[in-house]
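The structure file protein.csv is reproduced below (CSV, C-alpha atoms).
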chain,number,residue,atom,x,y,z
A,1,MET,CA,25.8,10.0,-12.2
A,2,GLN,CA,22.1,10.8,-11.6
A,3,ALA,CA,19.9,10.9,-14.7
A,4,VAL,CA,17.8,14.0,-15.3
A,5,ASN,CA,14.4,13.8,-13.6
A,6,GLU,CA,15.1,10.6,-11.7
A,7,PRO,CA,13.0,10.9,-8.5
A,8,LEU,CA,14.5,9.6,-5.4
A,9,ILE,CA,13.3,6.0,-4.7
A,10,SER,CA,13.3,4.6,-1.1
A,11,VAL,CA,13.5,0.8,-1.1
A,12,ILE,CA,12.2,-0.6,2.2
A,13,VAL,CA,13.2,-4.2,3.0
A,14,PRO,CA,11.5,-5.6,6.2
A,15,THR,CA,13.4,-8.7,7.3
A,16,TYR,CA,12.8,-11.4,9.9
A,17,GLY,CA,15.0,-14.5,10.4
A,18,ARG,CA,16.6,-14.4,7.0
A,19,GLU,CA,20.3,-14.9,6.3
A,20,GLU,CA,21.6,-15.8,2.8
A,21,PRO,CA,18.4,-14.8,1.0
A,22,LEU,CA,18.6,-11.3,2.6
A,23,ARG,CA,22.2,-10.9,1.6
A,24,GLN,CA,21.3,-11.9,-2.0
A,25,THR,CA,18.4,-9.5,-2.0
A,26,LEU,CA,20.4,-6.5,-0.8
A,27,ALA,CA,23.2,-7.3,-3.3
A,28,ASP,CA,20.7,-7.2,-6.1
A,29,VAL,CA,19.3,-3.9,-4.9
A,30,LEU,CA,22.7,-2.3,-4.7
A,31,GLN,CA,23.4,-3.4,-8.3
A,32,GLN,CA,20.5,-1.5,-9.8
A,33,ASP,CA,21.1,0.6,-12.9
A,34,TYR,CA,18.9,3.4,-11.4
A,35,SER,CA,21.2,5.9,-9.8
A,36,ASN,CA,19.0,7.8,-7.3
A,37,PHE,CA,17.8,5.5,-4.5
A,38,GLU,CA,18.2,4.7,-0.9
A,39,VAL,CA,17.8,1.4,0.9
A,40,LEU,CA,16.2,1.0,4.4
A,41,VAL,CA,16.4,-2.4,6.1
A,42,VAL,CA,14.0,-2.8,8.9
A,43,ASP,CA,15.5,-5.7,10.8
A,44,GLN,CA,13.3,-7.7,13.2
A,45,THR,CA,15.9,-10.5,13.6
A,46,THR,CA,17.2,-10.9,17.2
A,47,ASN,CA,20.5,-12.6,16.3
A,48,HIS,CA,22.0,-12.9,12.8
A,49,GLU,CA,24.6,-15.4,11.6
A,50,LEU,CA,28.0,-13.9,11.8
A,51,GLU,CA,28.3,-13.6,8.0
A,52,THR,CA,25.0,-11.7,7.7
A,53,GLN,CA,25.9,-9.5,10.7
A,54,LEU,CA,29.2,-8.5,9.2
A,55,PHE,CA,27.6,-8.0,5.8
A,56,LEU,CA,25.0,-5.6,7.2
A,57,GLU,CA,27.6,-3.7,9.3
A,58,GLN,CA,29.8,-3.2,6.2
A,59,LEU,CA,27.0,-1.9,4.0
A,60,THR,CA,25.9,0.4,6.8
A,61,SER,CA,29.5,1.7,7.4
A,62,ALA,CA,29.8,2.3,3.6
A,63,GLY,CA,26.6,4.3,3.6
A,64,GLN,CA,25.0,1.9,1.2
A,65,ILE,CA,22.0,1.0,3.4
A,66,GLN,CA,20.3,2.4,6.5
A,67,TRP,CA,20.0,-0.5,8.9
A,68,PHE,CA,17.3,-0.2,11.6
A,69,ARG,CA,17.0,-2.9,14.3
A,70,VAL,CA,13.8,-3.3,16.2
A,71,ASN,CA,12.8,-5.7,19.0
A,72,TRP,CA,9.4,-6.9,17.6
A,73,ALA,CA,8.2,-8.9,14.6
A,74,SER,CA,5.4,-7.4,12.5
A,75,LEU,CA,5.4,-7.0,8.7
A,76,PRO,CA,2.9,-4.1,8.5
A,77,ALA,CA,4.6,-2.4,11.4
A,78,ALA,CA,8.0,-2.7,9.7
A,79,ARG,CA,6.6,-1.2,6.6
A,80,ASN,CA,5.2,1.8,8.6
A,81,TYR,CA,8.5,2.1,10.4
A,82,GLY,CA,10.4,2.3,7.2
A,83,VAL,CA,8.0,4.9,5.6
A,84,ARG,CA,8.5,7.2,8.5
A,85,ARG,CA,12.2,7.2,7.8
A,86,ALA,CA,12.1,7.3,4.0
A,87,SER,CA,13.1,10.3,2.0
A,88,GLY,CA,12.0,9.2,-1.5
A,89,GLU,CA,9.3,10.6,-3.7
A,90,ILE,CA,8.5,6.9,-4.5
A,91,ILE,CA,8.5,4.2,-1.9
A,92,VAL,CA,9.2,0.6,-3.1
A,93,PHE,CA,8.5,-2.4,-0.8
A,94,ILE,CA,10.2,-5.7,-1.5
A,95,ASP,CA,10.6,-8.9,0.6
A,96,ASP,CA,13.8,-10.2,2.0
A,97,ASP,CA,13.9,-13.3,-0.3
A,98,VAL,CA,13.7,-11.9,-3.8
A,99,ARG,CA,16.1,-11.7,-6.8
A,100,LEU,CA,16.0,-8.5,-8.9
A,101,PRO,CA,17.1,-7.7,-12.4
A,102,ALA,CA,19.2,-4.6,-12.8
A,103,GLY,CA,16.4,-2.6,-14.3
A,104,PHE,CA,13.9,-3.3,-11.5
A,105,LEU,CA,13.9,0.2,-9.9
A,106,ALA,CA,13.9,2.0,-13.3
A,107,ALA,CA,10.8,0.1,-14.3
A,108,HIS,CA,9.0,1.2,-11.1
A,109,GLY,CA,10.2,4.8,-11.5
A,110,ARG,CA,9.3,5.4,-15.1
A,111,THR,CA,5.7,4.1,-14.6
A,112,TYR,CA,5.0,7.2,-12.4
A,113,GLN,CA,5.4,9.5,-15.4
A,114,LYS,CA,1.6,9.1,-15.8
A,115,ALA,CA,0.1,11.5,-13.2
A,116,SER,CA,-3.0,9.3,-12.6
A,117,ILE,CA,-0.8,6.5,-11.2
A,118,GLY,CA,-0.3,6.5,-7.5
A,119,ALA,CA,0.9,2.9,-7.1
A,120,VAL,CA,2.7,0.2,-9.1
A,121,ALA,CA,2.1,-3.5,-8.8
A,122,GLY,CA,5.1,-5.4,-10.2
A,123,ARG,CA,5.1,-8.8,-11.7
A,124,VAL,CA,6.2,-11.6,-9.5
A,125,PHE,CA,7.9,-14.7,-10.9
A,126,ASP,CA,6.8,-16.8,-7.9
A,127,ARG,CA,9.0,-19.9,-7.7
A,128,MET,CA,6.2,-22.1,-6.3
A,129,LYS,CA,3.3,-20.9,-8.5
A,130,LEU,CA,5.3,-21.1,-11.7
A,131,THR,CA,6.3,-24.6,-10.9
A,132,ASP,CA,2.7,-25.6,-10.2
A,133,SER,CA,1.5,-24.3,-13.6
A,134,GLY,CA,4.4,-25.8,-15.5
A,135,GLY,CA,5.6,-22.3,-16.3
A,136,ASP,CA,3.7,-22.1,-19.6
A,137,LEU,CA,0.5,-20.3,-18.6
A,138,THR,CA,0.2,-16.7,-19.8
A,139,ILE,CA,-2.6,-14.2,-19.3
A,140,GLU,CA,-2.9,-11.0,-21.3
A,141,TYR,CA,-5.7,-9.2,-19.5
A,142,LEU,CA,-7.2,-10.1,-16.2
A,143,PRO,CA,-10.9,-11.1,-16.2
A,144,PRO,CA,-13.6,-8.7,-14.9
A,145,GLU,CA,-13.8,-10.7,-11.7
A,146,ALA,CA,-10.3,-9.5,-10.8
A,147,LYS,CA,-11.8,-6.0,-10.2
A,148,ASP,CA,-14.5,-7.2,-7.8
A,149,PRO,CA,-13.1,-6.8,-4.3
A,150,GLY,CA,-15.3,-9.6,-3.1
A,151,ILE,CA,-13.7,-12.3,-5.3
A,152,ALA,CA,-10.8,-10.5,-7.0
A,153,TRP,CA,-8.3,-12.4,-4.8
A,154,TYR,CA,-9.0,-15.6,-6.7
A,155,TYR,CA,-8.5,-14.1,-10.1
A,156,LEU,CA,-5.8,-11.5,-9.6
A,157,ASP,CA,-2.9,-13.3,-11.1
A,158,LEU,CA,0.2,-11.2,-11.0
A,159,VAL,CA,2.4,-14.1,-11.7
A,160,HIS,CA,1.4,-15.1,-15.3
A,161,THR,CA,-0.2,-11.8,-16.5
A,162,VAL,CA,2.0,-10.2,-19.3
A,163,LYS,CA,0.2,-6.9,-20.2
A,164,PRO,CA,0.3,-3.6,-18.3
A,165,GLN,CA,-3.2,-2.7,-16.9
A,166,PRO,CA,-5.0,-1.2,-13.9
A,167,VAL,CA,-5.5,-3.6,-11.0
A,168,ILE,CA,-7.2,-3.5,-7.6
A,169,SER,CA,-4.2,-4.6,-5.6
A,170,ALA,CA,-0.5,-5.5,-5.6
A,171,ARG,CA,1.7,-8.2,-4.2
A,172,GLY,CA,3.4,-7.2,-1.0
A,173,CYS,CA,6.8,-8.5,-2.1
A,174,ASN,CA,6.8,-6.1,-5.2
A,175,MET,CA,4.8,-2.9,-4.9
A,176,SER,CA,5.5,0.9,-4.8
A,177,PHE,CA,3.6,4.0,-3.9
A,178,ARG,CA,3.9,7.8,-4.3
A,179,ARG,CA,5.0,9.4,-1.1
A,180,GLN,CA,1.8,11.5,-1.2
A,181,VAL,CA,-0.2,8.4,-0.4
A,182,PHE,CA,1.3,8.5,3.1
A,183,THR,CA,1.6,12.2,3.7
A,184,GLU,CA,-1.5,13.7,2.1
A,185,PHE,CA,-4.0,10.8,2.8
A,186,ASP,CA,-2.6,9.6,6.1
A,187,LEU,CA,-2.6,6.0,5.0
A,188,SER,CA,-0.6,3.3,6.9
A,189,PHE,CA,-0.4,-0.4,7.1
A,190,ASP,CA,-2.7,-2.0,9.7
A,191,GLU,CA,-0.6,-3.6,12.4
A,192,ARG,CA,-3.5,-5.8,13.5
A,193,PHE,CA,-2.7,-8.2,10.6
A,194,LYS,CA,-0.9,-11.0,12.4
A,195,GLY,CA,1.1,-14.1,11.8
A,196,SER,CA,2.1,-14.2,8.1
A,197,ALA,CA,0.3,-10.8,7.8
A,198,VAL,CA,-1.6,-12.3,4.8
A,199,ARG,CA,-3.9,-9.7,3.3
A,200,GLU,CA,-2.2,-6.7,4.9
A,201,GLU,CA,-1.2,-5.4,1.5
A,202,SER,CA,-4.7,-6.1,0.1
A,203,ASP,CA,-6.2,-4.1,2.9
A,204,PHE,CA,-3.8,-1.2,2.2
A,205,CYS,CA,-4.6,-1.3,-1.5
A,206,LEU,CA,-8.4,-1.2,-0.8
A,207,GLN,CA,-7.8,1.7,1.6
A,208,PHE,CA,-5.7,3.3,-1.2
A,209,ARG,CA,-8.9,3.7,-3.3
A,210,LYS,CA,-9.8,6.9,-1.4
A,211,THR,CA,-6.8,8.7,-2.9
A,212,GLY,CA,-8.3,8.8,-6.4
A,213,TYR,CA,-5.0,7.4,-7.8
A,214,GLU,CA,-4.9,4.1,-9.7
A,215,ILE,CA,-2.8,1.1,-9.1
A,216,TRP,CA,-1.0,0.1,-12.3
A,217,TYR,CA,0.3,-3.3,-13.0
A,218,GLU,CA,3.7,-3.1,-14.8
A,219,PRO,CA,5.1,-6.5,-15.8
A,220,GLU,CA,8.5,-5.0,-16.6
A,221,ALA,CA,8.9,-4.2,-12.9
A,222,HIS,CA,9.4,-7.9,-12.2
A,223,LEU,CA,11.3,-10.0,-9.7
A,224,ILE,CA,11.7,-13.6,-8.6
A,225,HIS,CA,10.1,-14.4,-5.3
A,226,LEU,CA,11.9,-17.3,-3.7
A,227,GLY,CA,9.2,-18.1,-1.1
A,228,GLU,CA,11.4,-19.3,1.6
A,229,GLU,CA,9.7,-21.6,4.1
A,230,THR,CA,11.0,-20.0,7.2
A,231,GLY,CA,11.8,-16.4,8.2
A,232,GLY,CA,10.2,-13.4,6.6
A,233,CYS,CA,7.1,-12.7,8.5
A,234,HIS,CA,6.7,-16.2,9.7
A,235,ASP,CA,7.1,-15.3,13.4
A,236,ILE,CA,5.3,-18.6,14.4
A,237,SER,CA,5.1,-22.0,12.7
A,238,THR,CA,2.8,-22.2,9.7
A,239,ARG,CA,1.5,-25.5,11.2
A,240,SER,CA,0.6,-24.1,14.5
A,241,PRO,CA,-3.1,-23.5,15.5
A,242,GLN,CA,-2.4,-19.8,16.2
A,243,TYR,CA,-1.0,-19.3,12.7
A,244,GLN,CA,-4.1,-20.9,11.2
A,245,ILE,CA,-6.4,-18.8,13.3
A,246,ASN,CA,-4.5,-15.6,12.3
A,247,LEU,CA,-4.7,-16.6,8.6
A,248,TYR,CA,-8.5,-16.6,8.7
A,249,HIS,CA,-8.6,-13.6,11.1
A,250,ASN,CA,-6.7,-11.5,8.5
A,251,HIS,CA,-9.0,-12.4,5.7
A,252,PHE,CA,-12.1,-11.6,7.7
A,253,LEU,CA,-10.6,-8.4,9.0
A,254,MET,CA,-9.9,-7.2,5.5
A,255,GLY,CA,-13.5,-7.9,4.5
A,256,PHE,CA,-15.0,-6.2,7.5
A,257,LYS,CA,-13.0,-3.1,7.0
A,258,ASN,CA,-13.4,-2.6,3.2
A,259,LEU,CA,-16.3,-4.6,1.7
A,260,THR,CA,-20.0,-4.1,1.5
A,261,THR,CA,-22.2,-6.8,3.1
A,262,PHE,CA,-22.8,-8.5,-0.2
A,263,GLN,CA,-19.1,-8.4,-1.1
A,264,CYS,CA,-18.3,-9.9,2.3
A,265,LEU,CA,-20.7,-12.7,1.8
A,266,LYS,CA,-19.1,-13.5,-1.6
A,267,PHE,CA,-15.6,-13.2,-0.1
A,268,PHE,CA,-16.3,-15.3,3.0
A,269,ALA,CA,-18.0,-18.0,0.9
A,270,ARG,CA,-15.0,-18.3,-1.5
A,271,LEU,CA,-12.7,-18.3,1.5
A,272,PHE,CA,-14.6,-21.3,2.9
A,273,ASP,CA,-14.7,-23.1,-0.5
A,274,CYS,CA,-10.9,-22.6,-1.0
A,275,GLN,CA,-9.3,-22.7,2.4
A,276,VAL,CA,-11.7,-25.0,4.2
A,277,LEU,CA,-13.0,-27.3,1.6
A,278,GLY,CA,-9.7,-27.2,-0.3
A,279,HIS,CA,-11.0,-26.5,-3.7
A,280,PRO,CA,-8.8,-24.8,-6.4
A,281,PRO,CA,-6.8,-22.7,-6.3
A,282,CYS,CA,-6.0,-23.8,-2.7
A,283,ASN,CA,-5.9,-27.5,-3.5
A,284,LYS,CA,-5.9,-28.8,0.0
A,285,SER,CA,-6.4,-32.3,1.3
A,286,GLY,CA,-10.1,-33.5,1.2
A,287,SER,CA,-9.6,-35.6,4.4
A,288,LEU,CA,-12.7,-35.2,6.6
A,289,ILE,CA,-10.6,-34.7,9.7
A,290,LYS,CA,-8.5,-32.0,8.1
A,291,THR,CA,-11.5,-30.3,6.6
A,292,VAL,CA,-13.3,-30.2,10.0
A,293,GLY,CA,-10.1,-28.9,11.6
A,294,ARG,CA,-9.9,-26.1,9.0
A,295,ALA,CA,-13.6,-25.3,9.6
A,296,GLY,CA,-12.8,-24.9,13.3
A,297,PHE,CA,-9.9,-22.4,12.5
A,298,TYR,CA,-12.2,-20.6,10.1
A,299,THR,CA,-14.8,-20.1,12.8
A,300,LEU,CA,-12.3,-19.0,15.4
A,301,GLY,CA,-10.7,-16.6,12.9
A,302,PHE,CA,-14.1,-15.1,12.2
A,303,LEU,CA,-14.8,-14.6,15.9
A,304,LYS,CA,-11.3,-13.1,16.5
A,305,ALA,CA,-11.8,-10.7,13.6
A,306,LEU,CA,-15.2,-9.6,15.0
A,307,ALA,CA,-13.4,-8.9,18.4
A,308,THR,CA,-10.8,-6.9,16.5
A,309,VAL,CA,-13.5,-4.8,14.9
A,310,VAL,CA,-15.3,-4.2,18.2
A,311,GLN,CA,-12.0,-3.3,19.9
A,312,SER,CA,-11.2,-0.8,17.2
A,313,ALA,CA,-13.8,1.5,18.7
A,314,TRP,CA,-11.2,2.4,21.4
A,315,ASP,CA,-8.0,0.9,20.1
A,316,ASP,CA,-6.8,1.0,16.4
A,317,GLY,CA,-4.2,-1.6,17.0
A,318,GLN,CA,-1.2,0.5,15.8
A,319,ILE,CA,0.8,-0.4,18.8
A,320,TYR,CA,4.3,-0.3,17.2
A,321,SER,CA,3.6,3.0,15.4
A,322,ARG,CA,2.5,4.5,18.7
A,323,GLN,CA,5.7,3.4,20.4
A,324,ASP,CA,7.8,4.7,17.5
A,325,SER,CA,6.1,8.1,17.5
A,326,LEU,CA,7.9,8.8,20.7
A,327,LEU,CA,11.2,8.4,18.8
A,328,VAL,CA,10.6,9.9,15.3
A,329,SER,CA,8.0,12.2,14.0
A,330,PRO,CA,5.9,10.8,11.1
A,331,LEU,CA,7.6,10.8,7.8
A,332,SER,CA,10.7,12.6,8.9
A,333,SER,CA,13.8,11.2,7.3
A,334,LYS,CA,17.1,9.5,8.4
A,335,LYS,CA,16.6,9.6,12.1
A,336,ASP,CA,18.0,6.9,14.3
A,337,ASN,CA,15.7,4.5,16.2
Written form, structure tokens:
Amino acid sequence: MQAVNEPLISVIVPTYGREEPLRQTLADVLQQDYSNFEVLVVDQTTNHELETQLFLEQLTSAGQIQWFRVNWASLPAARNYGVRRASGEIIVFIDDDVRLPAGFLAAHGRTYQKASIGAVAGRVFDRMKLTDSGGDLTIEYLPPEAKDPGIAWYYLDLVHTVKPQPVISARGCNMSFRRQVFTEFDLSFDERFKGSAVREESDFCLQFRKTGYEIWYEPEAHLIHLGEETGGCHDISTRSPQYQINLYHNHFLMGFKNLTTFQCLKFFARLFDCQVLGHPPCNKSGSLIKTVGRAGFYTLGFLKALATVVQSAWDDGQIYSRQDSLLVSPLSSKKDN
């Protein structure tokens, strides 16, 4: 039975190359104690294991999920694809390798009772980061640096922070938005973020600032992120040169799009210090050969991002959304692909 004033929540689950973690994730979603929600699975996997295939078919036949299969792999494009088919007043994005408590959706939903809130950043019990810190680190309020878009990404800890507060960005595996963000402000995820699509959610949240809404960190809207090594948005090997170039490209593209010149300089300097030199919090090998190699990828990523910005004068890069627009009008609901 639907509770009074429970807005419809659309849960969008992009998936690529995941099997058992996807099944666990969907089982957790379907066991939520929030009664008014729909589940949209945007499936970029070419061929599933038989158990997963049957599982998805059964859920679809029972009307428990909407299952959309596409023939490309792009995390931001999958988010956009799901938004165009979602019906909810609130749109929740989760990854395909998370575990959810029963009250997860309710925590997201009740946070929107405050009219000034347009997005919710949930807490992420990141399996790897909690292990690295011994699991005993807690932060009450984030430092002022976490609000500076030039350096916030090295201070915005949504793993260990325990107090609700406004934040500049959310983690892509646990975030939600009012539907108006997409309909009234014409926001969408930038499909030019490649590879692991790192920084695609940061870019969206910086674009989100023009709405006038705030992003609210709500630790009660928490989940466990398993951080599987394969699948998800890893459409190429994380050790491949192309993956490394894309990683830097995505950072630079976010900076070029959203930051002032001074903020870019700070951001790019910290990126070099962390990702290339390997200083904390990246903690990479200090080997000269590896450092030189990372510096090469850093340079190539910078040049690739410059080319992306130049190309944007005639091509915004939303190739999958343009293809999809021939099949479904923006933000219509429950249409087949």
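The protein and nucleic acid residues lying at most 10 Å from A:Thr260 are Pro149, Gly150 and Lys266 of chain A, with only C-alpha atoms considered and sequence neighbours fewer than 6 positions away removed.
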I'd like the neighbourhood of A:Phe177 as an mmCIF file with C-alpha atoms, in the frame of the given file, where a residue qualifies if any of its atoms comes within 12 Å (using all atoms listed in the file), though same-chain residues fewer than 2 positions away should be ignored.
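Once everything was written out, this is result_31.cif:
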data_model
loop_
_atom_site.group_PDB
_atom_site.id
_atom_site.type_symbol
_atom_site.label_atom_id
_atom_site.label_comp_id
_atom_site.auth_asym_id
_atom_site.auth_seq_id
_atom_site.Cartn_x
_atom_site.Cartn_y
_atom_site.Cartn_z
ATOM 1 C CA ILE A 9 13.300 6.000 -4.700
ATOM 2 C CA SER A 10 13.300 4.600 -1.100
ATOM 3 C CA VAL A 11 13.500 0.800 -1.100
ATOM 4 C CA ILE A 12 12.200 -0.600 2.200
ATOM 5 C CA VAL A 83 8.000 4.900 5.600
ATOM 6 C CA GLY A 88 12.000 9.200 -1.500
ATOM 7 C CA GLU A 89 9.300 10.600 -3.700
ATOM 8 C CA ILE A 90 8.500 6.900 -4.500
ATOM 9 C CA ILE A 91 8.500 4.200 -1.900
ATOM 10 C CA VAL A 92 9.200 0.600 -3.100
ATOM 11 C CA PHE A 93 8.500 -2.400 -0.800
ATOM 12 C CA ILE A 94 10.200 -5.700 -1.500
ATOM 13 C CA HIS A 108 9.000 1.200 -11.100
ATOM 14 C CA GLY A 109 10.200 4.800 -11.500
ATOM 15 C CA THR A 111 5.700 4.100 -14.600
ATOM 16 C CA TYR A 112 5.000 7.200 -12.400
ATOM 17 C CA ILE A 117 -0.800 6.500 -11.200
ATOM 18 C CA GLY A 118 -0.300 6.500 -7.500
ATOM 19 C CA ALA A 119 0.900 2.900 -7.100
ATOM 20 C CA VAL A 120 2.700 0.200 -9.100
ATOM 21 C CA ALA A 121 2.100 -3.500 -8.800
ATOM 22 C CA GLY A 122 5.100 -5.400 -10.200
ATOM 23 C CA SER A 169 -4.200 -4.600 -5.600
ATOM 24 C CA ALA A 170 -0.500 -5.500 -5.600
ATOM 25 C CA GLY A 172 3.400 -7.200 -1.000
ATOM 26 C CA ASN A 174 6.800 -6.100 -5.200
ATOM 27 C CA MET A 175 4.800 -2.900 -4.900
ATOM 28 C CA ARG A 179 5.000 9.400 -1.100
ATOM 29 C CA GLN A 180 1.800 11.500 -1.200
ATOM 30 C CA VAL A 181 -0.200 8.400 -0.400
ATOM 31 C CA PHE A 182 1.300 8.500 3.100
ATOM 32 C CA THR A 183 1.600 12.200 3.700
ATOM 33 C CA LEU A 187 -2.600 6.000 5.000
ATOM 34 C CA SER A 188 -0.600 3.300 6.900
ATOM 35 C CA GLU A 201 -1.200 -5.400 1.500
ATOM 36 C CA PHE A 204 -3.800 -1.200 2.200
ATOM 37 C CA CYS A 205 -4.600 -1.300 -1.500
ATOM 38 C CA PHE A 208 -5.700 3.300 -1.200
ATOM 39 C CA THR A 211 -6.800 8.700 -2.900
ATOM 40 C CA TYR A 213 -5.000 7.400 -7.800
ATOM 41 C CA GLU A 214 -4.900 4.100 -9.700
ATOM 42 C CA ILE A 215 -2.800 1.100 -9.100
ATOM 43 C CA TRP A 216 -1.000 0.100 -12.300
#
Task: Spatial neighbours of stretch 275-287 of chain A, max dist 10 Å, only C-alpha atoms, sep filter under 3 positions, as an MDAnalysis selection string - done: chainID A and resid 154:155 247:248 269:272 290:298
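Across A:Val98, A:Ala106, A:Leu59, A:Ala221, the tightest approach to A:Val162 is made by A:Ala221 when counting all atoms listed in the file.
Counting all atoms listed in the file, the residue from A:Pro101, A:Pro14, A:Pro164, A:Gly317 that sits nearest to A:Ser74 is A:Pro14.
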List as an mmCIF file with C-alpha atoms, keeping the file's coordinate frame the protein and nucleic acid residues near stretch 29-32 of chain A, meaning an atom at most 7 Å away when all atoms listed in the file are counted, but skip any in the same chain fewer than 4 places from it.
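Saved file around_38.cif follows:
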data_model
loop_
_atom_site.group_PDB
_atom_site.id
_atom_site.type_symbol
_atom_site.label_atom_id
_atom_site.label_comp_id
_atom_site.auth_asym_id
_atom_site.auth_seq_id
_atom_site.Cartn_x
_atom_site.Cartn_y
_atom_site.Cartn_z
ATOM 1 C CA THR A 25 18.400 -9.500 -2.000
ATOM 2 C CA LEU A 100 16.000 -8.500 -8.900
ATOM 3 C CA ALA A 102 19.200 -4.600 -12.800
ATOM 4 C CA GLY A 103 16.400 -2.600 -14.300
ATOM 5 C CA LEU A 105 13.900 0.200 -9.900
#
Open item on the list: Between atom CA of A:Met254 and atom CA of A:Asp273, what is the distance in Å, rounded to a tenth?
Closed with: 17.7 Å
